[in-house]
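I have placed the structure first, in the form of structure tokens, so that the comments after it can refer back to it.
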Amino acid sequence: MKVIIIEDEYYAAEKLKSELHNLNKEIEVLAILDSCEACINYFKDPSDYDLVFSDIHLADGLVFNVFGEIEITTPIIFTTAYDKYALQAFDSNGIDYLLKPIQSERLSQALQKYESMKGASQVATAYDKIKEILTDTQREYKSRFLCKLGNKIKSIPVTSISYFYSKDKMTFIVDREKNRYPINHTLDEIDGMMDPTHFFRLNRQYVTHFDAINEIHPYFKGRLKIRLLPQHEDDIVVSTERSPLMKAWLDR
């Protein structure tokens with residue numbers, strides 16, 4: 001089986017590649033594409049591949065923009081922390097929808113589903129199954145994180161967290177008291193662990209709590225500049241594509 005991975009987080013892509021290889025050593029990952037632009041350039045030319053694993057939020061926009069410009073008839077398994085795009089994903093030749101962080105059992109089930117559908121005249125759209133995901137009231141979100149500090153382990157309740165950020169290939173928690181703690185999760189994993197009612201992915205470097213947003217300023221080309229509490233030294237910019245999502249999240 002020849003596979004394409006569309007994913008803009010390096011470690012998430014490498015983890016998925018490793019999980020696929022563990023499940024089936026005959027799976028060959030032909031390419032890892034990290035942006036809409038890279039996808040459009042790659043899929044312009046015919047290529048022999050069987051299956052696509054695709055994130056939805058990429059650094060330069062939603063992957064649906066790619067499918068609107070380039071026709072892809074190969075089955076797609078979507079991987080994302082955002083369940084609200086599920087029905088749209090199934091209109092884009094999707095055969096399954098995996099919420100991050102991806103569990104090995106669910107990944108195995110998705111591959112089995114692909115195998116069972118091979119040779120079918122059309123890719124089926126399993127709306128009933130997706131609606132179950134969208135209305136799943138049993139989903140549990142992270143309530144605390146364990147952080148190693150020297151020879152000690154500190155428990156950080158989610159209720160005390162202002163935001164998460166990544167820098168120099170490390171991820172940190174910043175709490176309401178301005179304390180900073182390193183954690184062993186990527187921001188992509190954290191995004192899937194947190195209750196989206198309270199936490200929002202600003203960009204590739206930040207996931208913030210609702211109450212940590214101090215100021216919002218209009219920026220160039222429809223972007224937004226954000227000031228958080230506690231204040232961070234970096235400029236925090238929300239992309240043109242994500243700005244409407246953030247405004248809708250705030251306006252509740």
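Chains: A, B, ... in order of the structure tokens. Residues: from 1 per chain. Ligands: from 1, in order shown.
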
Practice task
Based on DSSP run over this structure's backbone, return all residues of range 2-226 of chain A in alpha helix (DSSP H), as a VMD selection string.
Solution key: chain A and resid 10 to 23 36 to 43 64 to 69 86 to 90 104 to 117 127 to 134 187 to 193

Could those selected residues go to a file with C-alpha atoms, as a compact mmCIF listing (two decimals), in the first residue's frame?
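What ended up in selection-v5.txt:
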# COMPACT_ATOMS: atom_id res chain seq x y z
CA TYR A 10 6.65 17.25 11.88
CA TYR A 11 6.36 15.06 14.95
CA ALA A 12 2.69 14.25 14.30
CA ALA A 13 3.58 13.19 10.75
CA GLU A 14 6.50 11.04 11.90
CA LYS A 15 4.36 9.44 14.61
CA LEU A 16 1.63 8.56 12.10
CA LYS A 17 4.25 7.16 9.72
CA SER A 18 5.66 5.00 12.52
CA GLU A 19 2.20 3.80 13.60
CA LEU A 20 1.33 2.83 10.03
CA HIS A 21 4.57 0.88 9.69
CA ASN A 22 3.90 -0.90 12.99
CA LEU A 23 0.44 -1.93 11.80
CA CYS A 36 -1.76 23.53 0.80
CA GLU A 37 0.83 24.86 -1.65
CA ALA A 38 2.92 21.68 -1.34
CA CYS A 39 -0.19 19.55 -1.89
CA ILE A 40 -1.23 21.43 -5.02
CA ASN A 41 2.26 21.15 -6.48
CA TYR A 42 2.48 17.43 -5.66
CA PHE A 43 -0.97 16.37 -6.89
CA PHE A 64 -10.39 21.58 1.51
CA ASN A 65 -8.94 24.45 -0.54
CA VAL A 66 -6.65 21.89 -2.18
CA PHE A 67 -9.47 19.51 -3.03
CA GLY A 68 -11.40 22.41 -4.54
CA GLU A 69 -8.53 23.09 -6.94
CA ALA A 86 -16.41 15.92 9.76
CA LEU A 87 -19.32 16.15 7.35
CA GLN A 88 -17.37 18.40 4.99
CA ALA A 89 -14.53 15.88 5.10
CA PHE A 90 -16.83 13.11 3.93
CA SER A 104 -3.64 2.85 17.35
CA GLU A 105 -6.88 0.86 17.53
CA ARG A 106 -8.83 3.53 15.59
CA LEU A 107 -6.03 3.78 13.01
CA SER A 108 -6.18 0.01 12.54
CA GLN A 109 -9.96 0.17 12.12
CA ALA A 110 -9.60 2.89 9.47
CA LEU A 111 -7.14 0.77 7.50
CA GLN A 112 -9.48 -2.23 7.73
CA LYS A 113 -12.33 -0.05 6.46
CA TYR A 114 -10.20 1.03 3.49
CA GLU A 115 -9.35 -2.60 2.69
CA SER A 116 -13.01 -3.61 2.84
CA MET A 117 -13.96 -0.83 0.40
CA TYR A 127 -22.88 10.00 7.67
CA ASP A 128 -24.46 8.04 10.52
CA LYS A 129 -21.08 7.15 11.93
CA ILE A 130 -19.80 10.70 11.65
CA LYS A 131 -22.88 12.11 13.34
CA GLU A 132 -22.10 9.83 16.26
CA ILE A 133 -18.67 11.48 16.50
CA LEU A 134 -20.16 14.96 16.30
CA LEU A 187 0.71 21.16 20.43
CA ASP A 188 -1.19 19.01 17.95
CA GLU A 189 -1.72 16.37 20.64
CA ILE A 190 -2.67 19.00 23.21
CA ASP A 191 -5.18 20.52 20.81
CA GLY A 192 -7.04 17.22 20.75
CA MET A 193 -6.90 16.79 24.52

Exercise for the section: Name the residues in contact with Phe200 in chain A at a cut-off of 10 Å, using only C-alpha atoms, excluding same-chain residues fewer than 3 positions from it; report them as a PyMOL selection string. Expected result: chain A and resi 163+191+194-197+203+206-210+245-246+249-250

Practice task
Identify, with DSSP run on backbone atoms, the residues in range 2-230 of chain A assigned to strand (DSSP E or B), and express the list as a PyMOL selection string.
Solution key: chain A and resi 2-6+28-33+51-54+57-58+61-62+76-80+94-99+144-149+152-157+161-167+170-175+180-183+199-201+206-209+213-218+224-228

Practice task
Please provide the set of residues having any atom within 7 Å of Ala31 in chain A, restricted to only C-alpha atoms, with same-chain residues fewer than 2 positions apart removed, written as a ChimeraX atom specification.
Solution key: /A:4-5,29,33

Selected residues written out with N, CA and C atoms, as a PDB file, in the first residue's frame:
ATOM      1  N   ILE A   4       0.121   8.716   1.091  1.00  0.00           N
ATOM      2  CA  ILE A   4       0.550  10.111   1.196  1.00  0.00           C
ATOM      3  C   ILE A   4       0.055  10.642   2.539  1.00  0.00           C
ATOM      4  N   ILE A   5       0.904  11.366   3.277  1.00  0.00           N
ATOM      5  CA  ILE A   5       0.502  12.004   4.532  1.00  0.00           C
ATOM      6  C   ILE A   5       0.510  13.520   4.339  1.00  0.00           C
ATOM      7  N   VAL A  29       5.202   5.090   2.779  1.00  0.00           N
ATOM      8  CA  VAL A  29       4.831   6.504   2.756  1.00  0.00           C
ATOM      9  C   VAL A  29       5.647   7.192   1.670  1.00  0.00           C
ATOM     10  N   LEU A  33       3.406  15.964   3.072  1.00  0.00           N
ATOM     11  CA  LEU A  33       3.163  17.308   2.564  1.00  0.00           C
ATOM     12  C   LEU A  33       2.679  18.187   3.709  1.00  0.00           C
TER      13      LEU A  33
END

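Among the candidate residues A:Ile70, A:Leu228, A:Lys167, A:Val52, the one lying nearest to Asp96 in chain A is A:Val52, with distances computed using only C-alpha atoms.
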
Problem - Pairwise distance for CA of Phe53 in chain A and CA of Ile236 in chain A, rounded to one decimal in Å - result: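 Result for CA of Phe53 in chain A versus CA of Ile236 in chain A: 29.2 Å, one decimal.
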
Practice task
Name the residues in contact with range 57-59 of chain A at a cut-off of 8 Å, using only C-alpha atoms, excluding same-chain residues fewer than 5 positions from it; report them as a ChimeraX atom specification.
Solution key: /A:7-8,34-36,80,203-204

Any chance you could export the current selection's C-alpha atoms as a JSON list (two decimals), in the first residue's frame?
[["chain", "number", "residue", "atom", "x", "y", "z"],
["A", 7, "GLU", "CA", 0.36, 17.06, 8.00],
["A", 8, "ASP", "CA", 2.07, 20.32, 8.97],
["A", 34, "ASP", "CA", 3.01, 20.16, 5.09],
["A", 35, "SER", "CA", 1.03, 22.91, 3.31],
["A", 36, "CYS", "CA", -1.76, 23.53, 0.80],
["A", 80, "THR", "CA", -7.70, 16.33, 12.96],
["A", 203, "ASN", "CA", -1.45, 29.10, 15.36],
["A", 204, "ARG", "CA", 1.31, 26.49, 15.18]]

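As for CA of Leu51 in chain A and CA of Lys2 in chain A, they are spaced 6.6 Å apart.
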
Problem - Option closest in space to Ile153 in chain A, from A:Leu62, A:Leu202, A:Tyr165, A:Ile183 [counting only C-alpha atoms] - result: A:Ile183

Exercise for the section: Would you list the contacts of Ser162 in chain A as a ChimeraX atom specification, taking every protein, DNA or RNA residue within 10 Å and counting only C-alpha atoms, but skipping same-chain residues closer than 5 positions in sequence? Expected result: /A:173-179,199,207-213,228-230

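When only C-alpha atoms are used to compute distances to Lys169 in chain A, the closest of the residues A:Pro218, A:Asn151, A:Glu9, A:Met1 turns out to be A:Glu9.
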